[in-house]
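All remarks here apply to the structure that follows.
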There are 4 protein chains.
Amino acid sequence: MVRVIGVIGESAFSDPEHEALAEDVGRRIAAAEAVLICGGSAGVMEAACRGARRAGGLTVGILSGIERAEANPFVTIAVATGMGQARNTLIVLSSDVLIAIGGGYGTLAEIALAFRYGKAVIGLRTWEAGHGDLRAPITVVRSSEEAVRVAMQIAGRGPG
Amino acid sequence: MVRVIGVIGESAFSDPEHEALAEDVGRRIAAAEAVLICGGSAGVMEAACRGARRAGGLTVGILSGIERAEANPFVTIAVATGMGQARNTLIVLSSDVLIAIGGGYGTLAEIALAFRYGKAVIGLRTWEAGHGDLRAPITVVRSSEEAVRVAMQIAGRGPG
Amino acid sequence: MVRVIGVIGESAFSDPEHEALAEDVGRRIAAAEAVLICGGSAGVMEAACRGARRAGGLTVGILSGIERAEANPFVTIAVATGMGQARNTLIVLSSDVLIAIGGGYGTLAEIALAFRYGKAVIGLRTWEAGHGDLRAPITVVRSSEEAVRVAMQIAGRGPG
Amino acid sequence: MVRVIGVIGESAFSDPEHEALAEDVGRRIAAAEAVLICGGSAGVMEAACRGARRAGGLTVGILSGIERAEANPFVTIAVATGMGQARNTLIVLSSDVLIAIGGGYGTLAEIALAFRYGKAVIGLRTWEAGHGDLRAPITVVRSSEEAVRVAMQIAGRGPG
């Protein structure tokens, strides 16, 4: 069965380094022969798709709007939902594991949904959250290499 | 126009005090003549609905499942969505402001969605979240009285 | 438990008589002490809500958009979904029975969903559909009085 | 840009000939280098995916449930929605054109949604529907060859 790695993160870069991180994450997902799924929009999503496509990978964009043409140009398969942020649930459910890079409130919502549905989240410069004794169990990593290596281990097929 | 206050929080109480807080929040929402909207399930949702109904209020439950009969017994109007956690978006979009009490990952997802859609969240013993310089701007309150008073101010009609 | 009657139909009248039919259906739903649920938009939906509200009833609008302000002025409780036509499923699931008046393709989709989920549909000048030996089992009625009388029987509480 | 053909139809065959038709439709979609999108379940959906995969094509299943493992074995990319029949909207929005084969009420709902969103539907032994002067403008075809040929013309790239 195909391994699917979700990539979530900000649609406008809060830090210029996030673009290179996202693109390298995408490239490494493709190199690991996994499918990349994301929201199909700009920012982290576009950079990750660009990296994956340039490495010969397959990318799926779960779009918030009703037009496939809204997908970034590096999306292979665009699923138009017309559901706005409610589409985040589909990205989470359709991924074996998620990698979060930076991110605004939409990304935080996706991280929380992932834990709600029992999926692991690997975080690169992303949210921390907690209350009382509860901490959101994000697996914090330091590099795009580590992010994809850990993701593929969780997805059940290490890259080497 | 009717004012609508969303109440979000855990479906199983992590702290026994949360039940009394939720019930009193519900009671005060009804006393302020606002409609209470929530996920229609157990825990904080049920306690808040119970408080509202006993005070003569109207409660709306946006259910994750496909059966209206799954609603807690204090829901006046049950909207069955069959959408699982994707229904959280509807609770956020349909509220003027949200009050979060305690809560697990579903609650965190709702808080994040609220900020994503520009709604205010008032928090009673709930999540804190941040990364880099970004903090989730939850309005932290100390009591059910303060929660509903602030919520009604934001919703545009103070209770007195 | 509250009885909920869904009203579905065209958002722009294809026949001027449909407006009076829809308004009278709404009035009779309120008189039967049932809640009216609909898409909250114009045409049949607005006329039915107007009839219900003028008779003292409660109306729920499940909106396609993200703004509660898009509801017609006779909606008591507006649920904003941001889901476009995917919100039709919620109207069907949240109703005990549906009354269809006139209608375009959105109405046909709701009729079909109703049968898919095992709900009855009462039709006033609405779609017929079939293929092979299969006919969509719409209960065809001739008047608004008959429509609501049959609907309330199916919903489990006849009006008298 | 990739051409995407939606295939909709019954999940249990009402006529044994429908299986061969669906499989041949899938095969021809793959031969035309288009992507096949469907609900990812059994019956027409599985037969069409099988035909496409055996011809080297790519298939996308938009699942009603929350588990990718529920997809039929010929789905390449499974998008788990957890939305039940509300996922039909996504199949319609994500297709250039739809081919309907046989079908129950879910198929009728998809046909209606397609017209609601301005997509063409090509029908093989499927629903007819109308009321007043309005007929659902299904393009009726007689063979799987004709179905895919017309679909590809509409999608903007004829097969040869």
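Every chain in the structure tokens takes a letter, A first, then B, and so on in the order presented; its residues are numbered from 1, and the ligands are numbered from 1 following the presented order.
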Close residues, Ile8 of chain C itself excluded, 8 Å, only C-alpha atoms, min 6 positions apart in chain, as a ChimeraX atom specification: /C:38-39,44-45,98-101,103,107,110
Create the file for the chosen residues now, containing N, CA and C atoms and written as a short mmCIF file (atom, residue, chain, number, x, y, z; two decimals), in the first residue's frame.
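See again_2.cif below for the written result:
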```cif
data_model
loop_
_atom_site.label_atom_id
_atom_site.label_comp_id
_atom_site.auth_asym_id
_atom_site.auth_seq_id
_atom_site.Cartn_x
_atom_site.Cartn_y
_atom_site.Cartn_z
N CYS C 38 -34.38 24.06 6.92
CA CYS C 38 -34.21 24.23 5.48
C CYS C 38 -32.82 24.79 5.23
N GLY C 39 -32.56 25.12 3.97
CA GLY C 39 -31.26 25.65 3.60
C GLY C 39 -31.06 27.11 3.95
N VAL C 44 -38.31 29.13 -2.05
CA VAL C 44 -39.14 28.24 -1.23
C VAL C 44 -38.70 28.29 0.24
N MET C 45 -37.40 28.36 0.44
CA MET C 45 -36.89 28.35 1.82
C MET C 45 -37.36 29.60 2.57
N LEU C 98 -39.17 15.02 4.84
CA LEU C 98 -38.94 16.22 4.02
C LEU C 98 -40.12 16.51 3.12
N ILE C 99 -40.38 17.78 2.92
CA ILE C 99 -41.38 18.23 1.95
C ILE C 99 -40.63 18.99 0.86
N ALA C 100 -40.80 18.51 -0.40
CA ALA C 100 -40.15 19.16 -1.55
C ALA C 100 -41.17 19.93 -2.35
N ILE C 101 -40.84 21.19 -2.66
CA ILE C 101 -41.75 22.05 -3.43
C ILE C 101 -40.99 22.57 -4.65
N GLY C 103 -38.47 23.01 -7.52
CA GLY C 103 -37.07 22.71 -7.26
C GLY C 103 -36.20 22.46 -8.45
N THR C 107 -32.45 20.57 -5.22
CA THR C 107 -33.60 19.88 -4.61
C THR C 107 -33.60 18.40 -4.99
N GLU C 110 -31.19 16.65 -2.88
CA GLU C 110 -31.68 16.44 -1.52
C GLU C 110 -32.71 15.30 -1.47
#
```
For the structure I just gave you, how does DSSP split segment 16-139 of chain A - specifically, which residues are strand (DSSP E or B)? Reply as a list of chain:residue names.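 Selection result, strand (DSSP E or B) within segment 16-139 of chain A: A:Val35, A:Leu36, A:Ile37, A:Cys38, A:Thr59, A:Val60, A:Gly61, A:Ile62, A:Leu63, A:Ile77, A:Ala78, A:Val79, A:Ala80, A:Val97, A:Leu98, A:Ile99, A:Ala100, A:Ile101, A:Val121, A:Ile122, A:Gly123, A:Leu124, A:Glu128, A:Ala129, A:Gly130, A:His131, A:Leu134, A:Arg135, A:Thr139.
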Can you spit out the residues from that selection as a short mmCIF file (atom, residue, chain, number, x, y, z; two decimals), in the first residue's frame, using C-alpha atoms?
```cif
data_model
loop_
_atom_site.label_atom_id
_atom_site.label_comp_id
_atom_site.auth_asym_id
_atom_site.auth_seq_id
_atom_site.Cartn_x
_atom_site.Cartn_y
_atom_site.Cartn_z
CA VAL A 35 2.77 10.32 -1.68
CA LEU A 36 2.60 13.88 -0.32
CA ILE A 37 -0.82 15.17 0.68
CA CYS A 38 -1.51 18.75 1.73
CA THR A 59 1.27 15.18 -4.76
CA VAL A 60 -2.35 15.44 -3.68
CA GLY A 61 -3.98 18.77 -2.80
CA ILE A 62 -7.17 18.79 -0.71
CA LEU A 63 -8.43 22.25 -1.64
CA ILE A 77 -4.22 15.42 -8.05
CA ALA A 78 -6.47 18.24 -6.85
CA VAL A 79 -9.49 17.32 -4.77
CA ALA A 80 -11.83 20.32 -4.64
CA VAL A 97 1.57 10.72 9.65
CA LEU A 98 1.86 14.51 9.41
CA ILE A 99 4.79 16.90 9.24
CA ALA A 100 4.04 20.44 10.46
CA ILE A 101 6.28 23.33 9.42
CA VAL A 121 2.67 14.80 14.14
CA ILE A 122 6.30 15.67 13.52
CA GLY A 123 7.04 19.34 14.10
CA LEU A 124 9.61 21.64 12.55
CA GLU A 128 3.52 23.89 21.24
CA ALA A 129 0.32 23.54 23.21
CA GLY A 130 -0.76 22.30 26.59
CA HIS A 131 -2.99 22.76 29.60
CA LEU A 134 -1.65 17.62 29.08
CA ARG A 135 0.95 18.47 26.40
CA THR A 139 7.61 14.95 17.89
#
```
Using only C-alpha atoms, what does the table of chain D residues within 8 Å of chain A look like, with each row giving the shortest atom pair and its distance in Å to one decimal, sorted by chain and ascending number, as JSON lines?
```
{"residue": "D:Val2", "atom": "CA", "partner": "A:Thr76", "partner_atom": "CA", "distance": 7.4}
{"residue": "D:Ile66", "atom": "CA", "partner": "A:Leu93", "partner_atom": "CA", "distance": 6.2}
{"residue": "D:Glu67", "atom": "CA", "partner": "A:Leu93", "partner_atom": "CA", "distance": 7.2}
{"residue": "D:Arg68", "atom": "CA", "partner": "A:Ser94", "partner_atom": "CA", "distance": 6.6}
{"residue": "D:Thr76", "atom": "CA", "partner": "A:Val2", "partner_atom": "CA", "distance": 7.4}
{"residue": "D:Ile77", "atom": "CA", "partner": "A:Val2", "partner_atom": "CA", "distance": 7.7}
{"residue": "D:Ala78", "atom": "CA", "partner": "A:Ser94", "partner_atom": "CA", "distance": 6.8}
{"residue": "D:Val79", "atom": "CA", "partner": "A:Ser94", "partner_atom": "CA", "distance": 5.1}
{"residue": "D:Ala80", "atom": "CA", "partner": "A:Ser94", "partner_atom": "CA", "distance": 5.1}
{"residue": "D:Thr81", "atom": "CA", "partner": "A:Leu90", "partner_atom": "CA", "distance": 5.0}
{"residue": "D:Gly82", "atom": "CA", "partner": "A:Leu90", "partner_atom": "CA", "distance": 7.7}
{"residue": "D:Thr89", "atom": "CA", "partner": "A:Thr81", "partner_atom": "CA", "distance": 7.2}
{"residue": "D:Leu90", "atom": "CA", "partner": "A:Thr81", "partner_atom": "CA", "distance": 5.0}
{"residue": "D:Ile91", "atom": "CA", "partner": "A:Val79", "partner_atom": "CA", "distance": 7.9}
{"residue": "D:Leu93", "atom": "CA", "partner": "A:Ala80", "partner_atom": "CA", "distance": 5.5}
{"residue": "D:Ser94", "atom": "CA", "partner": "A:Ala80", "partner_atom": "CA", "distance": 5.1}
```
One-decimal distance in Å that lies between atom CA of Ala120 of chain D and atom CA of Ala151 of chain D: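 Atom CA of Ala120 of chain D lies 8.5 Å from atom CA of Ala151 of chain D.
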Taking 5 positions as the minimum chain separation for residues in the same chain, which residues sit within 9 Å of segment 15-25 of chain B when counting only C-alpha atoms? Answer as a CSV table (one decimal) with all heavy atoms, in the first residue's frame.
```csv
chain,number,residue,atom,x,y,z
B,7,VAL,N,-20.2,26.8,23.1
B,7,VAL,CA,-19.5,26.2,24.3
B,7,VAL,C,-18.8,25.0,23.8
B,7,VAL,O,-19.4,24.1,23.2
B,7,VAL,CB,-20.5,25.9,25.4
B,7,VAL,CG1,-19.7,25.2,26.6
B,7,VAL,CG2,-21.2,27.2,25.9
B,9,GLY,N,-15.6,22.1,24.8
B,9,GLY,CA,-14.8,21.5,25.9
B,9,GLY,C,-14.9,20.0,25.8
B,9,GLY,O,-15.5,19.4,24.9
B,30,ALA,N,-28.3,31.3,29.0
B,30,ALA,CA,-29.8,31.3,28.9
B,30,ALA,C,-30.3,32.6,29.6
B,30,ALA,O,-31.2,33.3,29.0
B,30,ALA,CB,-30.4,30.1,29.5
B,43,GLY,N,-20.2,15.4,28.6
B,43,GLY,CA,-19.2,16.2,29.3
B,43,GLY,C,-19.6,17.6,29.4
B,43,GLY,O,-20.8,18.0,29.8
B,44,VAL,N,-18.7,18.5,29.0
B,44,VAL,CA,-18.9,19.9,29.1
B,44,VAL,C,-20.2,20.3,28.3
B,44,VAL,O,-21.0,21.2,28.7
B,44,VAL,CB,-17.7,20.7,28.6
B,44,VAL,CG1,-18.0,22.1,28.1
B,44,VAL,CG2,-16.6,20.7,29.6
B,45,MET,N,-20.3,19.6,27.1
B,45,MET,CA,-21.5,20.0,26.2
B,45,MET,C,-22.8,19.7,26.9
B,45,MET,O,-23.7,20.5,26.9
B,45,MET,CB,-21.4,19.2,24.9
B,45,MET,CG,-20.1,19.6,24.1
B,45,MET,SD,-19.8,18.5,22.7
B,45,MET,CE,-18.6,17.3,23.5
B,46,GLU,N,-22.9,18.5,27.6
B,46,GLU,CA,-24.1,18.1,28.2
B,46,GLU,C,-24.4,19.0,29.4
B,46,GLU,O,-25.5,19.5,29.7
B,46,GLU,CB,-24.1,16.7,28.6
B,46,GLU,CG,-25.4,16.2,29.3
B,46,GLU,CD,-25.5,14.7,29.4
B,46,GLU,OE1,-24.8,14.0,28.7
B,46,GLU,OE2,-26.4,14.3,30.2
B,47,ALA,N,-23.4,19.3,30.2
B,47,ALA,CA,-23.6,20.1,31.4
B,47,ALA,C,-24.0,21.5,31.0
B,47,ALA,O,-24.9,22.1,31.7
B,47,ALA,CB,-22.3,20.1,32.3
B,48,ALA,N,-23.4,22.0,30.0
B,48,ALA,CA,-23.8,23.4,29.6
B,48,ALA,C,-25.2,23.4,29.1
B,48,ALA,O,-26.0,24.3,29.4
B,48,ALA,CB,-22.8,23.9,28.5
B,49,CYS,N,-25.6,22.4,28.3
B,49,CYS,CA,-27.0,22.3,27.8
B,49,CYS,C,-28.0,22.2,29.0
B,49,CYS,O,-29.0,22.8,29.0
B,49,CYS,CB,-27.1,21.2,26.8
B,49,CYS,SG,-26.4,21.4,25.2
B,50,ARG,N,-27.6,21.4,29.9
B,50,ARG,CA,-28.5,21.2,31.1
B,50,ARG,C,-28.7,22.5,31.8
B,50,ARG,O,-29.9,22.8,32.1
B,50,ARG,CB,-27.9,20.1,32.0
B,50,ARG,CG,-28.8,19.7,33.2
B,50,ARG,CD,-28.2,18.5,33.9
B,50,ARG,NE,-26.9,18.8,34.4
B,50,ARG,CZ,-25.8,18.1,34.3
B,50,ARG,NH1,-25.8,17.0,33.5
B,50,ARG,NH2,-24.6,18.5,34.8
B,51,GLY,N,-27.6,23.2,32.0
B,51,GLY,CA,-27.8,24.5,32.7
B,51,GLY,C,-28.7,25.5,31.9
B,51,GLY,O,-29.5,26.2,32.5
B,52,ALA,N,-28.5,25.5,30.6
B,52,ALA,CA,-29.2,26.4,29.8
B,52,ALA,C,-30.7,26.0,29.8
B,52,ALA,O,-31.6,26.9,29.9
B,52,ALA,CB,-28.7,26.4,28.4
B,99,ILE,N,-16.8,29.9,24.2
B,99,ILE,CA,-16.3,29.7,25.6
B,99,ILE,C,-15.7,28.3,25.6
B,99,ILE,O,-16.5,27.4,25.3
B,99,ILE,CB,-17.4,29.9,26.6
B,99,ILE,CG1,-17.9,31.4,26.6
B,99,ILE,CG2,-16.8,29.6,28.0
B,99,ILE,CD1,-19.1,31.6,27.5
B,101,ILE,N,-14.0,25.3,27.9
B,101,ILE,CA,-13.8,24.8,29.3
B,101,ILE,C,-13.1,23.5,29.2
B,101,ILE,O,-13.5,22.5,28.7
B,101,ILE,CB,-15.2,24.6,29.9
B,101,ILE,CG1,-16.0,25.9,29.9
B,101,ILE,CG2,-15.0,24.2,31.4
B,101,ILE,CD1,-17.5,25.8,30.3
B,102,GLY,N,-11.9,23.5,29.9
B,102,GLY,CA,-11.1,22.3,29.9
B,102,GLY,C,-10.8,21.9,28.4
B,102,GLY,O,-10.6,22.7,27.6
B,124,LEU,N,-11.7,29.0,30.1
B,124,LEU,CA,-11.7,28.6,31.5
B,124,LEU,C,-10.9,27.4,31.6
B,124,LEU,O,-11.4,26.3,31.2
B,124,LEU,CB,-13.2,28.4,31.9
B,124,LEU,CG,-14.0,29.4,32.6
B,124,LEU,CD1,-15.5,29.0,32.6
B,124,LEU,CD2,-13.4,29.7,34.0
B,125,ARG,N,-9.8,27.4,32.2
B,125,ARG,CA,-8.9,26.2,32.4
B,125,ARG,C,-8.7,25.4,31.1
B,125,ARG,O,-8.9,24.2,31.1
B,125,ARG,CB,-9.6,25.3,33.4
B,125,ARG,CG,-9.9,26.0,34.7
B,125,ARG,CD,-10.4,25.1,35.7
B,125,ARG,NE,-10.7,25.7,37.0
B,125,ARG,CZ,-10.9,25.1,38.1
B,125,ARG,NH1,-10.7,23.8,38.2
B,125,ARG,NH2,-11.2,25.7,39.2
B,143,SER,N,-13.9,32.6,36.1
B,143,SER,CA,-15.2,32.2,36.6
B,143,SER,C,-16.2,32.1,35.5
B,143,SER,O,-16.0,32.7,34.4
B,143,SER,CB,-15.7,33.1,37.7
B,143,SER,OG,-16.1,34.4,37.0
B,144,SER,N,-17.2,31.3,35.7
B,144,SER,CA,-18.3,31.2,34.7
B,144,SER,C,-19.0,32.5,34.6
B,144,SER,O,-19.4,32.9,33.5
B,144,SER,CB,-19.3,30.1,35.2
B,144,SER,OG,-19.6,30.3,36.5
B,145,GLU,N,-19.1,33.3,35.6
B,145,GLU,CA,-19.8,34.6,35.6
B,145,GLU,C,-19.0,35.5,34.6
B,145,GLU,O,-19.5,36.1,33.7
B,145,GLU,CB,-19.8,35.2,37.0
B,145,GLU,CG,-20.5,36.6,37.0
B,145,GLU,CD,-19.6,37.7,36.6
B,145,GLU,OE1,-18.4,37.7,36.8
B,145,GLU,OE2,-20.2,38.7,36.1
B,147,ALA,N,-16.9,34.6,32.3
B,147,ALA,CA,-16.9,34.0,30.9
B,147,ALA,C,-18.1,34.5,30.2
B,147,ALA,O,-17.9,35.0,29.0
B,147,ALA,CB,-16.9,32.5,31.0
B,148,VAL,N,-19.3,34.4,30.8
B,148,VAL,CA,-20.5,34.8,30.0
B,148,VAL,C,-20.6,36.3,29.9
B,148,VAL,O,-21.0,36.8,28.9
B,148,VAL,CB,-21.7,34.1,30.7
B,148,VAL,CG1,-23.0,34.6,29.9
B,148,VAL,CG2,-21.6,32.6,30.7
```
Quick check, in Å to one decimal: how far apart do atom CA of Gly84 of chain B and atom CA of Phe13 of chain B lie? 20.2 Å
Based on DSSP run over this structure's backbone, return all residues of segment 3-152 of chain D in helix (DSSP H, G or I), as number ranges by chain. D: 17-31, 44-54, 68-70, 84-93, 105-116, 144-152
Quick one: distance from atom CA of Ala86 of chain A to atom CA of Gly6 of chain B in Å, one decimal?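 Spanning atom CA of Ala86 of chain A to atom CA of Gly6 of chain B is a straight-line distance of 17.2 Å.
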